$ cat final.cif   # mmCIF, C-alpha atoms
data_work
loop_
_atom_site.group_PDB
_atom_site.id
_atom_site.type_symbol
_atom_site.label_atom_id
_atom_site.label_comp_id
_atom_site.auth_asym_id
_atom_site.auth_seq_id
_atom_site.Cartn_x
_atom_site.Cartn_y
_atom_site.Cartn_z
ATOM 1 C CA MET A 1 202.435 355.207 229.951
ATOM 2 C CA HIS A 2 202.849 352.157 232.176
ATOM 3 C CA ALA A 3 205.586 350.777 229.933
ATOM 4 C CA TYR A 4 207.714 353.871 230.611
ATOM 5 C CA VAL A 5 207.402 354.120 234.403
ATOM 6 C CA ASN A 6 210.056 351.585 235.430
ATOM 7 C CA PRO A 7 212.671 352.661 232.855
ATOM 8 C CA ILE A 8 212.195 356.305 233.860
ATOM 9 C CA LEU A 9 212.423 355.464 237.573
ATOM 10 C CA ASP A 10 215.678 353.613 236.899
ATOM 11 C CA LEU A 11 217.088 356.686 235.140
ATOM 12 C CA ILE A 12 216.102 358.864 238.091
ATOM 13 C CA LYS A 13 217.588 356.423 240.630
ATOM 14 C CA HIS A 14 220.902 356.354 238.761
ATOM 15 C CA GLY A 15 221.076 360.145 238.429
ATOM 16 C CA LYS A 16 220.735 360.106 234.655
ATOM 17 C CA PHE A 17 217.502 362.101 234.602
ATOM 18 C CA ASP A 18 216.405 364.978 236.814
ATOM 19 C CA PRO A 19 212.595 365.032 236.823
ATOM 20 C CA THR A 20 212.548 368.575 238.179
ATOM 21 C CA ASP A 21 213.728 369.774 234.760
ATOM 22 C CA ILE A 22 210.240 369.250 233.334
ATOM 23 C CA ILE A 23 208.382 371.213 236.050
ATOM 24 C CA THR A 24 207.236 374.410 234.396
ATOM 25 C CA HIS A 25 204.601 375.605 236.856
ATOM 26 C CA LYS A 26 204.173 375.499 240.644
ATOM 27 C CA LEU A 27 200.683 376.538 241.687
ATOM 28 C CA SER A 28 198.477 376.356 244.750
ATOM 29 C CA LEU A 29 195.823 373.685 245.112
ATOM 30 C CA GLN A 30 193.216 376.421 244.720
ATOM 31 C CA ASP A 31 194.546 376.980 241.188
ATOM 32 C CA GLY A 32 193.982 373.327 240.266
ATOM 33 C CA GLU A 33 191.322 374.060 237.666
ATOM 34 C CA TYR A 34 193.574 376.602 235.945
ATOM 35 C CA ALA A 35 196.530 374.193 236.180
ATOM 36 C CA TYR A 36 194.566 371.435 234.481
ATOM 37 C CA LYS A 37 193.429 373.835 231.745
ATOM 38 C CA ILE A 38 196.911 375.054 230.826
ATOM 39 C CA PHE A 39 198.332 371.518 230.983
ATOM 40 C CA ASP A 40 195.543 370.048 228.883
ATOM 41 C CA LYS A 41 195.751 372.769 226.236
ATOM 42 C CA LYS A 42 199.559 373.091 226.454
ATOM 43 C CA GLU A 43 199.224 376.819 227.120
ATOM 44 C CA ASP A 44 201.930 379.027 228.636
ATOM 45 C CA ASN A 45 204.598 376.439 227.640
ATOM 46 C CA CYS A 46 203.179 374.095 230.288
ATOM 47 C CA ILE A 47 204.852 370.695 230.543
ATOM 48 C CA LYS A 48 204.374 369.698 234.180
ATOM 49 C CA VAL A 49 202.461 371.365 237.014
ATOM 50 C CA ILE A 50 203.117 370.832 240.708
ATOM 51 C CA LEU A 51 200.198 371.690 242.992
ATOM 52 C CA LYS A 52 201.047 372.784 246.524
ATOM 53 C CA PRO A 53 198.617 373.069 249.446
#
$ encode --input "final.cif" --output "structure tokens"
Amino acid sequence: MHAYVNPILDLIKHGKFDPTDIITHKLSLQDGEYAYKIFDKKEDNCIKVILKP
């Protein structure tokens, strides 16, 4: 994972990659346990979860 961080950040900075494209779920912090479950098991086509307060 660490080897990919800087190259990915460079792509984002230069507008060549939009990281919001991989967000599949936006859930409340209270749904954190559920969010982790669906991410871990790749359920409901989950790629990336954003938790909001």
$ residues_around --input "final.cif" --residues "His25 (chain A)" --least-positions-apart "4" --cutoff "10 Å" --atoms "only C-alpha atoms" --output "PyMOL selection string"
chain A and resi 35+38-39+44-51
$ axis_aligned_box --input "final.cif" --around "region 42-51 of chain A" --padding-each-side "3 Å" --output "lines of an AutoDock Vina configuration file"
center_x = 202.0
center_y = 374.4
center_z = 234.7
size_x = 11.6
size_y = 15.3
size_z = 22.5
$ atom_distance --input "final.cif" --atom1 "CA of Asn6 (chain A)" --atom2 "CA of Leu29 (chain A)"
28.0 Å
$ atom_distance --input "final.cif" --atom1 "CA of Tyr34 (chain A)" --atom2 "CA of Pro53 (chain A)"
14.8 Å
$ atom_distance --input "final.cif" --atom1 "CA of Leu11 (chain A)" --atom2 "CA of Leu27 (chain A)"
26.6 Å
$ build_atoms --input "final.cif" --residues "region 3-21 of chain A" --atoms "N, CA and C atoms" --output "JSON list (two decimals), in the frame of the given file"
[["chain", "number", "residue", "atom", "x", "y", "z"],
["A", 3, "ALA", "N", 204.35, 351.38, 230.44],
["A", 3, "ALA", "CA", 205.59, 350.78, 229.93],
["A", 3, "ALA", "C", 206.81, 351.65, 230.20],
["A", 4, "TYR", "N", 206.60, 352.94, 230.43],
["A", 4, "TYR", "CA", 207.71, 353.87, 230.61],
["A", 4, "TYR", "C", 208.07, 354.12, 232.07],
["A", 5, "VAL", "N", 207.19, 353.77, 232.99],
["A", 5, "VAL", "CA", 207.40, 354.12, 234.40],
["A", 5, "VAL", "C", 208.69, 353.52, 234.96],
["A", 6, "ASN", "N", 208.86, 352.21, 234.85],
["A", 6, "ASN", "CA", 210.06, 351.58, 235.43],
["A", 6, "ASN", "C", 211.36, 352.04, 234.77],
["A", 7, "PRO", "N", 211.43, 352.14, 233.44],
["A", 7, "PRO", "CA", 212.67, 352.66, 232.86],
["A", 7, "PRO", "C", 212.99, 354.09, 233.30],
["A", 8, "ILE", "N", 211.97, 354.92, 233.42],
["A", 8, "ILE", "CA", 212.20, 356.30, 233.86],
["A", 8, "ILE", "C", 212.65, 356.33, 235.32],
["A", 9, "LEU", "N", 212.00, 355.52, 236.17],
["A", 9, "LEU", "CA", 212.42, 355.46, 237.57],
["A", 9, "LEU", "C", 213.87, 355.00, 237.71],
["A", 10, "ASP", "N", 214.28, 354.05, 236.88],
["A", 10, "ASP", "CA", 215.68, 353.61, 236.90],
["A", 10, "ASP", "C", 216.62, 354.75, 236.52],
["A", 11, "LEU", "N", 216.25, 355.54, 235.53],
["A", 11, "LEU", "CA", 217.09, 356.69, 235.14],
["A", 11, "LEU", "C", 217.21, 357.69, 236.28],
["A", 12, "ILE", "N", 216.10, 357.93, 236.96],
["A", 12, "ILE", "CA", 216.10, 358.86, 238.09],
["A", 12, "ILE", "C", 216.98, 358.32, 239.22],
["A", 13, "LYS", "N", 216.81, 357.04, 239.55],
["A", 13, "LYS", "CA", 217.59, 356.42, 240.63],
["A", 13, "LYS", "C", 219.09, 356.47, 240.37],
["A", 14, "HIS", "N", 219.48, 356.36, 239.11],
["A", 14, "HIS", "CA", 220.90, 356.35, 238.76],
["A", 14, "HIS", "C", 221.43, 357.74, 238.40],
["A", 15, "GLY", "N", 220.63, 358.78, 238.66],
["A", 15, "GLY", "CA", 221.08, 360.14, 238.43],
["A", 15, "GLY", "C", 221.25, 360.54, 236.97],
["A", 16, "LYS", "N", 220.61, 359.81, 236.08],
["A", 16, "LYS", "CA", 220.74, 360.11, 234.66],
["A", 16, "LYS", "C", 219.61, 361.00, 234.14],
["A", 17, "PHE", "N", 218.62, 361.23, 234.98],
["A", 17, "PHE", "CA", 217.50, 362.10, 234.60],
["A", 17, "PHE", "C", 217.02, 362.84, 235.83],
["A", 18, "ASP", "N", 216.91, 364.15, 235.72],
["A", 18, "ASP", "CA", 216.40, 364.98, 236.81],
["A", 18, "ASP", "C", 214.97, 365.36, 236.48],
["A", 19, "PRO", "N", 213.99, 364.75, 237.16],
["A", 19, "PRO", "CA", 212.60, 365.03, 236.82],
["A", 19, "PRO", "C", 212.17, 366.47, 237.09],
["A", 20, "THR", "N", 212.93, 367.19, 237.91],
["A", 20, "THR", "CA", 212.55, 368.58, 238.18],
["A", 20, "THR", "C", 212.75, 369.47, 236.96],
["A", 21, "ASP", "N", 213.51, 368.99, 235.98],
["A", 21, "ASP", "CA", 213.73, 369.77, 234.76],
["A", 21, "ASP", "C", 212.45, 369.99, 233.96]]
